[in-house]
Each structure stands twice: as structure tokens, then as C-alpha cells.
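K.L.:
Structure file model_8.tsv, TSV, C-alpha atoms, is pasted below:
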```
chain	number	residue	atom	x	y	z
B	1	MET	CA	-4.59	28.58	-4.25
B	2	SER	CA	-7.57	26.45	-3.26
B	3	THR	CA	-6.89	22.77	-2.60
B	4	GLY	CA	-9.35	20.02	-3.43
B	5	VAL	CA	-9.81	16.59	-4.92
B	6	LEU	CA	-10.09	15.47	-8.54
B	7	TYR	CA	-11.48	11.99	-9.06
B	8	ALA	CA	-12.35	9.47	-11.75
B	9	MET	CA	-15.12	6.86	-11.45
B	10	SER	CA	-16.23	3.99	-13.67
B	11	THR	CA	-19.95	3.35	-14.25
B	12	VAL	CA	-22.17	0.38	-15.05
B	13	VAL	CA	-21.91	1.42	-18.72
B	14	SER	CA	-18.68	0.18	-20.28
B	15	GLY	CA	-16.66	3.10	-21.67
B	16	LEU	CA	-18.66	5.74	-19.77
B	17	ILE	CA	-16.90	7.39	-16.83
B	18	LYS	CA	-17.36	10.32	-14.46
B	19	ILE	CA	-14.65	12.89	-13.79
B	20	GLY	CA	-15.35	15.38	-11.02
B	21	LYS	CA	-14.07	17.46	-8.16
B	22	THR	CA	-14.90	18.00	-4.52
B	23	THR	CA	-13.33	19.47	-1.40
B	24	THR	CA	-11.07	17.16	0.57
B	25	ASP	CA	-13.36	17.06	3.60
B	26	ARG	CA	-16.33	16.04	1.43
B	27	PHE	CA	-14.60	13.35	-0.60
B	28	ASP	CA	-15.78	10.29	1.35
B	29	GLY	CA	-19.33	11.60	1.53
B	30	ARG	CA	-19.41	12.44	-2.18
B	31	MET	CA	-18.14	8.98	-3.10
B	32	TYR	CA	-20.75	7.32	-0.88
B	33	GLU	CA	-23.50	9.41	-2.44
B	34	LEU	CA	-22.46	8.64	-6.02
B	35	GLU	CA	-21.79	4.94	-5.44
B	36	HIS	CA	-25.18	4.45	-3.78
B	37	ASN	CA	-27.40	6.84	-5.74
B	38	GLY	CA	-25.74	7.09	-9.15
B	39	TYR	CA	-25.43	10.20	-11.29
B	40	ARG	CA	-27.92	11.46	-13.89
B	41	ASN	CA	-29.68	8.08	-14.17
B	42	VAL	CA	-26.34	6.28	-14.54
B	43	THR	CA	-25.73	3.66	-11.85
B	44	GLY	CA	-22.89	1.40	-10.77
B	45	LEU	CA	-20.44	4.23	-10.13
B	46	ARG	CA	-17.23	3.05	-8.49
B	47	ARG	CA	-14.29	5.19	-7.39
B	48	ARG	CA	-11.12	4.35	-9.30
B	49	PHE	CA	-8.65	7.15	-8.57
B	50	ALA	CA	-8.53	10.41	-6.60
B	51	ILE	CA	-5.82	12.98	-5.99
B	52	GLU	CA	-5.66	16.12	-3.86
B	53	VAL	CA	-4.18	19.01	-5.83
B	54	GLU	CA	-3.74	22.74	-5.58
B	55	ASP	CA	-5.93	24.99	-7.75
B	56	TYR	CA	-8.30	22.10	-8.39
B	57	ASP	CA	-10.92	24.28	-10.11
B	58	GLU	CA	-8.46	25.25	-12.82
B	59	LYS	CA	-7.19	21.70	-13.21
B	60	GLU	CA	-10.75	20.42	-13.62
B	61	ARG	CA	-11.33	22.99	-16.39
B	62	MET	CA	-8.16	21.76	-18.04
B	63	LEU	CA	-9.46	18.17	-17.91
B	64	ASP	CA	-12.76	19.29	-19.40
B	65	ASP	CA	-10.90	20.98	-22.26
B	66	ILE	CA	-8.65	17.97	-22.92
B	67	PHE	CA	-11.57	15.54	-22.98
B	68	SER	CA	-14.16	17.95	-24.43
B	69	LYS	CA	-14.89	15.81	-27.48
B	70	ALA	CA	-15.71	12.83	-25.26
B	71	ARG	CA	-17.94	14.75	-22.84
B	72	VAL	CA	-21.66	14.04	-22.55
B	73	PRO	CA	-23.15	17.56	-22.92
B	74	GLY	CA	-24.24	19.22	-19.69
B	75	SER	CA	-22.75	16.58	-17.44
B	76	GLU	CA	-19.56	15.27	-15.83
B	77	LEU	CA	-19.79	12.05	-17.85
B	78	PHE	CA	-17.29	11.15	-20.57
B	79	ALA	CA	-17.25	8.44	-23.24
B	80	LEU	CA	-13.65	7.62	-22.39
B	81	ASP	CA	-11.33	4.80	-21.38
B	82	ILE	CA	-11.04	5.05	-17.58
B	83	ASN	CA	-7.33	4.22	-17.82
B	84	LEU	CA	-6.65	7.34	-19.89
B	85	ALA	CA	-8.29	9.52	-17.22
B	86	ILE	CA	-6.36	7.80	-14.42
B	87	GLU	CA	-3.11	8.15	-16.37
B	88	LEU	CA	-3.59	11.90	-16.65
B	89	LEU	CA	-4.80	12.44	-13.07
B	90	SER	CA	-1.91	10.45	-11.62
B	91	SER	CA	0.56	12.66	-13.50
B	92	PHE	CA	-0.51	15.73	-11.47
B	93	GLU	CA	1.55	16.94	-8.53
B	94	GLY	CA	-0.43	16.17	-5.40
B	95	ARG	CA	-1.37	13.68	-2.71
B	96	GLN	CA	-3.04	10.47	-3.86
B	97	ILE	CA	-6.01	9.77	-1.59
B	98	TYR	CA	-7.49	6.80	-3.48
B	99	PRO	CA	-6.41	4.04	-3.69
B	100	LYS	CA	-4.98	4.41	-0.19
B	101	SER	CA	-2.93	1.22	-0.18
B	102	SER	CA	0.81	1.79	0.00
B	103	THR	CA	1.20	-0.76	-2.79
B	104	GLU	CA	-0.77	1.50	-5.11
B	105	SER	CA	1.67	4.42	-5.35
B	106	LYS	CA	1.11	7.17	-7.90
B	107	SER	CA	3.86	5.82	-10.11
B	108	LYS	CA	2.38	2.32	-10.04
B	109	VAL	CA	-1.10	3.66	-10.74
B	110	PHE	CA	0.28	5.63	-13.70
B	111	ASP	CA	2.18	2.61	-15.06
B	112	ASP	CA	-0.81	0.28	-14.66
B	113	ALA	CA	-3.19	2.79	-16.25
B	114	ALA	CA	-0.85	3.33	-19.19
B	115	LYS	CA	-0.51	-0.43	-19.67
B	116	ASN	CA	-4.27	-1.01	-19.43
B	117	HIS	CA	-4.98	1.87	-21.81
B	118	GLN	CA	-2.56	0.42	-24.35
B	119	GLU	CA	-4.18	-2.99	-24.07
B	120	ASN	CA	-7.63	-1.46	-24.46
B	121	THR	CA	-6.37	0.34	-27.58
B	122	ASP	CA	-5.00	-2.95	-28.91
B	123	ILE	CA	-8.31	-4.71	-28.24
B	124	GLN	CA	-10.09	-2.16	-30.42
B	125	CYS	CA	-7.82	-3.28	-33.27
B	126	ILE	CA	-9.01	-6.90	-33.16
B	127	PRO	CA	-11.42	-7.36	-36.10
B	128	GLU	CA	-14.94	-8.35	-35.14
B	129	GLY	CA	-15.52	-12.06	-35.40
B	130	THR	CA	-14.98	-15.36	-33.60
B	131	TYR	CA	-11.65	-16.57	-32.23
B	132	TYR	CA	-10.69	-19.98	-30.90
B	133	LEU	CA	-8.74	-21.49	-28.03
B	134	ASP	CA	-7.96	-25.19	-28.50
B	135	ARG	CA	-6.13	-27.71	-26.33
B	136	LYS	CA	-5.48	-31.39	-27.03
B	137	ARG	CA	-4.93	-32.75	-23.49
B	138	PRO	CA	-7.33	-32.64	-21.85
B	139	PRO	CA	-9.48	-31.71	-24.88
B	140	LEU	CA	-10.75	-28.13	-24.89
B	141	HIS	CA	-12.38	-25.96	-27.55
B	142	VAL	CA	-13.67	-22.50	-26.60
B	143	GLU	CA	-14.86	-19.66	-28.81
B	144	MET	CA	-14.52	-15.96	-28.02
B	145	VAL	CA	-16.65	-13.44	-29.90
B	146	VAL	CA	-15.31	-9.92	-30.51
B	147	GLU	CA	-18.07	-7.39	-31.17
B	148	ASP	CA	-18.12	-3.63	-30.62
B	149	GLY	CA	-14.79	-3.89	-28.79
B	150	ALA	CA	-16.19	-6.42	-26.29
B	151	LEU	CA	-14.68	-9.88	-25.69
B	152	THR	CA	-17.38	-12.45	-24.92
B	153	ILE	CA	-17.53	-16.17	-24.20
B	154	ARG	CA	-21.13	-17.22	-24.85
B	155	ALA	CA	-23.33	-19.26	-22.52
B	156	GLY	CA	-23.53	-22.98	-23.25
B	157	GLN	CA	-19.87	-23.47	-24.09
B	158	HIS	CA	-17.64	-25.82	-22.11
B	159	VAL	CA	-14.51	-24.49	-20.40
B	160	ALA	CA	-11.97	-26.34	-18.25
B	161	GLU	CA	-13.60	-27.95	-15.22
B	162	HIS	CA	-10.62	-27.44	-12.93
B	163	GLU	CA	-8.42	-24.45	-12.14
B	164	SER	CA	-4.95	-23.78	-10.79
B	165	ASP	CA	-3.75	-21.36	-8.11
B	166	SER	CA	-2.32	-19.10	-10.83
B	167	ILE	CA	-5.73	-18.13	-12.17
B	168	GLY	CA	-6.18	-15.00	-10.03
B	169	ASP	CA	-8.96	-14.08	-7.61
B	170	ARG	CA	-11.10	-12.13	-10.10
B	171	VAL	CA	-11.28	-14.92	-12.69
B	172	ARG	CA	-11.72	-17.57	-9.99
B	173	GLU	CA	-14.73	-15.68	-8.69
B	174	LEU	CA	-16.20	-15.40	-12.20
B	175	ARG	CA	-15.77	-19.14	-12.76
B	176	HIS	CA	-17.28	-20.12	-9.42
B	177	ARG	CA	-20.36	-18.01	-10.12
B	178	ASN	CA	-20.85	-18.82	-13.79
B	179	VAL	CA	-19.42	-22.27	-14.59
B	180	GLY	CA	-21.19	-25.54	-13.77
B	181	ALA	CA	-19.49	-28.62	-12.34
B	182	ASP	CA	-19.20	-30.05	-15.87
B	183	GLY	CA	-17.58	-26.86	-17.20
B	184	THR	CA	-20.71	-25.44	-18.84
B	185	VAL	CA	-20.81	-21.62	-18.97
B	186	ARG	CA	-24.16	-20.50	-17.54
B	187	ALA	CA	-24.30	-16.94	-18.92
B	188	ASP	CA	-22.59	-14.78	-21.54
B	189	MET	CA	-19.31	-13.59	-20.03
B	190	ARG	CA	-17.52	-10.39	-21.05
B	191	PHE	CA	-13.84	-9.82	-20.38
B	192	SER	CA	-11.48	-6.86	-20.17
B	193	SER	CA	-8.58	-8.61	-21.92
B	194	PRO	CA	-7.78	-11.70	-24.02
B	195	SER	CA	-5.67	-13.06	-21.16
B	196	GLN	CA	-8.57	-12.77	-18.71
B	197	ALA	CA	-10.81	-14.60	-21.19
B	198	GLY	CA	-8.09	-17.21	-21.69
B	199	ALA	CA	-7.73	-17.79	-17.95
B	200	PHE	CA	-11.49	-18.19	-17.65
B	201	ALA	CA	-11.45	-20.77	-20.46
B	202	THR	CA	-8.41	-22.81	-19.38
B	203	GLY	CA	-8.54	-22.49	-15.60
B	204	HIS	CA	-5.00	-21.14	-15.36
B	205	SER	CA	-3.13	-17.96	-16.21
B	206	CYS	CA	-2.12	-17.63	-19.84
B	207	ASN	CA	-1.10	-15.15	-22.51
B	208	GLY	CA	-4.43	-14.71	-24.27
B	209	TRP	CA	-2.84	-12.75	-27.12
B	210	ALA	CA	-0.94	-15.92	-28.02
B	211	GLN	CA	-3.60	-18.52	-27.14
B	212	TRP	CA	-6.64	-17.13	-28.96
B	213	LYS	CA	-6.39	-17.89	-32.67
B	214	THR	CA	-8.06	-16.85	-35.90
B	215	GLN	CA	-9.90	-19.43	-37.99
B	216	ASP	CA	-6.72	-19.99	-40.01
B	217	GLY	CA	-4.64	-20.59	-36.88
B	218	ARG	CA	-2.87	-17.24	-36.36
B	219	SER	CA	-2.67	-15.82	-32.83
B	220	ILE	CA	-4.52	-12.54	-32.27
B	221	ASP	CA	-1.19	-10.96	-31.32
B	222	ILE	CA	-0.87	-10.07	-35.02
B	223	PHE	CA	-3.45	-7.32	-34.45
B	224	ARG	CA	-1.52	-5.53	-31.68
B	225	SER	CA	0.06	-2.17	-32.42
B	226	ASN	CA	3.49	-3.33	-31.23
B	227	HIS	CA	3.48	-6.45	-33.41
B	228	ALA	CA	6.56	-6.54	-35.58
```
Now that the file is in, can you turn its structure into C-alpha cells?
P.N.:
Amino acid sequence: MSTGVLYAMSTVVSGLIKIGKTTTDRFDGRMYELEHNGYRNVTGLRRRFAIEVEDYDEKERMLDDIFSKARVPGSELFALDINLAIELLSSFEGRQIYPKSSTESKSKVFDDAAKNHQENTDIQCIPEGTYYLDRKRPPLHVEMVVEDGALTIRAGQHVAEHESDSIGDRVRELRHRNVGADGTVRADMRFSSPSQAGAFATGHSCNGWAQWKTQDGRSIDIFRSNHA
């Protein structure tokens, strides 16, 4: 059986991913090429998961069959949640070669991908419209727009001026780049989860499913598939 690498990459286009294969010795070079040059006029490719498996040609054909309805004809691009691809790839027997960190074991990658895929599925169930996060002390009122499955805080709104250590590096970076000293949001900001949007708005970690509310005051948790 031939051994090679199956990989999944995100792209600059939300919801569009690349699934491909390469030989183990060419993996790093192939990733460099795709991340720097793009693929079929699609840019912003970023490696997300890769695993070395036996009989990789056959396994790639199996992936193509499973995701055939999501495939962009004549290409290795798929209109698919990246977490679903990672979940399936990480279930294969083989040696994980990306991420390389010992903290990112195959089982952890699988669990995280499954969790993220479920949250992405839940987000698609939030009706389009505007949702609100309010706080009395200190006063805060932020609106989040849900449209085409995207969660957006519009430019011009005011978010918390200060932040705590619990906010997380990713959200801290977004705030430092896009929030003025007075808390004004400089550009439209899109988020991957209600909790990420909530942290951006409040300056500290929070359960966005509980904090974002409908116009009549209900938390958006009512739209989740596991809501009782």
C-alpha cells in the first residue's frame, strides 16, 4: 500500500475549503506553495490538519465521494465546514503531521472539530436579524447582526474600553487592531461564535449564547439544537 498525506485547508472565502493529498516528502513544499500562491484564483489558504495514512489515493477518493455534493466541479475545493473535514480526517488510522504540537493530539483535534462543527450548525439556526448585549454597570449596549450565517458587529458601535486577562489572545488582537481608545469599533467585525463576539463586546470571556438577546429579551440559546 502506498503511504501519503491527506490534508484540509481553509481559504479566504468563508465556508470554502481545500481537501487534497500529497506524498509525505512533499508536504511542506506543497503547503508553502498553496499558502503563498493560492489555488485556482482562491487565496488565503491555510493548513488546518494533515495526516499520513496508508493507501492515501483510495482514502482521497472516499473523501471525494462523501463530500461530492459540496465539491466545486473540476477542483479540490469544497463548500464545506472545515471542522467536518477535520473531524473525518482525524478519525483515520495514521500519523498526524499537522498540527505538530503534542497538545494537539488526534483525539483532541477530533473533539475540538466535532465541537466547532456543532456550534457552526447551531449558528446556522439563529434567525437572521439583530441581537443585543446590554450591561448596566458600566453601561454597555452592543448590537450583533446575523446575516447569511455570519455574526457581525458593525463599525461605529461602542464596545467596552477595557479588557481582562480572560479575553483570549485572538479577541485581544482583534480589539487592539479595531477598537479606538474610546471603545469605538473602526470596521465591521465578523466572528466565528457568539461567545467570541461577546468577548469582543465586553472585554472579557463570556457565554455569548446566554448574553446575546432577542429584541424581546430571550437569550439566543433558545435556537440551539440541544436546547430543552
K.L.:
Kindly provide the residues of stretch 95-197 of chain B that approach stretch 53-64 of chain B to within 12 Å, each paired with its closest atom pair and their distance in Å to one decimal, based on only C-alpha atoms, listed by chain and increasing number, as a Markdown table.
P.N.:
```
| residue | atom | partner | partner_atom | distance |
| --- | --- | --- | --- | --- |
| B:Arg95 | CA | B:Val53 | CA | 6.8 |
| B:Gln96 | CA | B:Val53 | CA | 8.8 |
| B:Ile97 | CA | B:Val53 | CA | 10.3 |
```
K.L.:
For B:Thr24, list every protein, DNA or RNA residue within 8 Å, evaluated using only C-alpha atoms, and leave out those in the same chain fewer than 4 positions away; present the list as an MDAnalysis selection string.
P.N.:
chainID B and resid 3:5 52
K.L.:
Go through B:Thr11, B:Thr130, B:Ser166, B:Thr43 one by one, measure the shortest atom-to-atom distance of each to B:Asp216 using all atoms listed in the file, and give the residue with the smallest value.
P.N.:
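For B:Asp216, the nearest of the candidates is B:Thr130.
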K.L.:
When distances are computed from all atoms listed in the file, which of B:Ala70, B:Ala187, B:Leu77, B:Ala85 shows the smallest separation from B:Gly38?
P.N.:
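That would be B:Leu77, the residue with the smallest distance to B:Gly38.
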K.L.:
So which residues touch B:Val13 within 10 Å, counting only C-alpha atoms, skipping near sequence neighbours fewer than 5 positions away, as JSON, numbers by chain?
P.N.:
{"B": [42, 43, 44, 45, 79]}
K.L.:
One number please: atom CA of B:Arg218 to atom CA of B:Pro139, in Å, one decimal.
P.N.:
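Separation of atom CA of B:Arg218 and atom CA of B:Pro139: 19.6 Å.
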K.L.:
Using all atoms listed in the file, which of the listed residues (B:Ile123, B:Ala201, B:Ala160, B:Val179) sits closest to B:Arg137?
P.N.:
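Among B:Ile123, B:Ala201, B:Ala160, B:Val179, it is B:Ala160 that comes nearest to B:Arg137.
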K.L.:
Could you name the residues that touch B:Phe49 at 12 Å or less, counting all atoms listed in the file, but leaving out those on the same chain fewer than 6 positions away, as JSON, numbers by chain?
P.N.:
{"B": [5, 6, 7, 8, 9, 10, 17, 18, 19, 20, 21, 27, 31, 82, 83, 84, 85, 86, 87, 88, 89, 90, 91, 95, 96, 97, 98, 99, 100, 101, 104, 105, 106, 109, 110, 113]}
K.L.:
Report the distance between atom CA of B:Glu119 and atom CA of B:Gly168 in Å, rounded to one decimal place.
P.N.:
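Separation of atom CA of B:Glu119 and atom CA of B:Gly168: 18.6 Å.
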K.L.:
Quick one: residues within 10 Å of (-3.6, -14.6, -32.5) (file frame), counting all atoms listed in the file, please, as number ranges by chain.
P.N.:
B: 126, 131-133, 194, 208-224
K.L.:
Expressed in Å to a single decimal, how great is the separation between atom CA of B:Gly156 and atom CA of B:Ala181?
P.N.:
12.9 Å
K.L.:
Any chance you could work out the axis-aligned box around stretch 216-226 of chain B, listed atoms only, 8 Å on each side, giving centre and edge lengths in Å to one decimal, as JSON?
P.N.:
```
{"center_x": -1.6, "center_y": -11.4, "center_z": -35.6, "size_x": 26.2, "size_y": 34.4, "size_z": 24.8}
```
K.L.:
Quick one: of B:Ser192, B:Ala50, B:Thr152, B:Asn178, who's nearest to B:Asp122, counting only C-alpha atoms?
P.N.:
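Among the listed residues, B:Ser192 lies closest to B:Asp122.
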K.L.:
Of the candidates B:Thr22, B:Asn120, B:Asn41, B:Ser2, which shows the shortest atom-to-atom distance to B:Phe191, using all atoms listed in the file?
P.N.:
B:Asn120
K.L.:
Which one is closest to B:Gly203: B:Asp81, B:Glu161, B:Glu147, B:Asp188? Count only C-alpha atoms.
P.N.:
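Closest to B:Gly203 of all the choices is B:Glu161.
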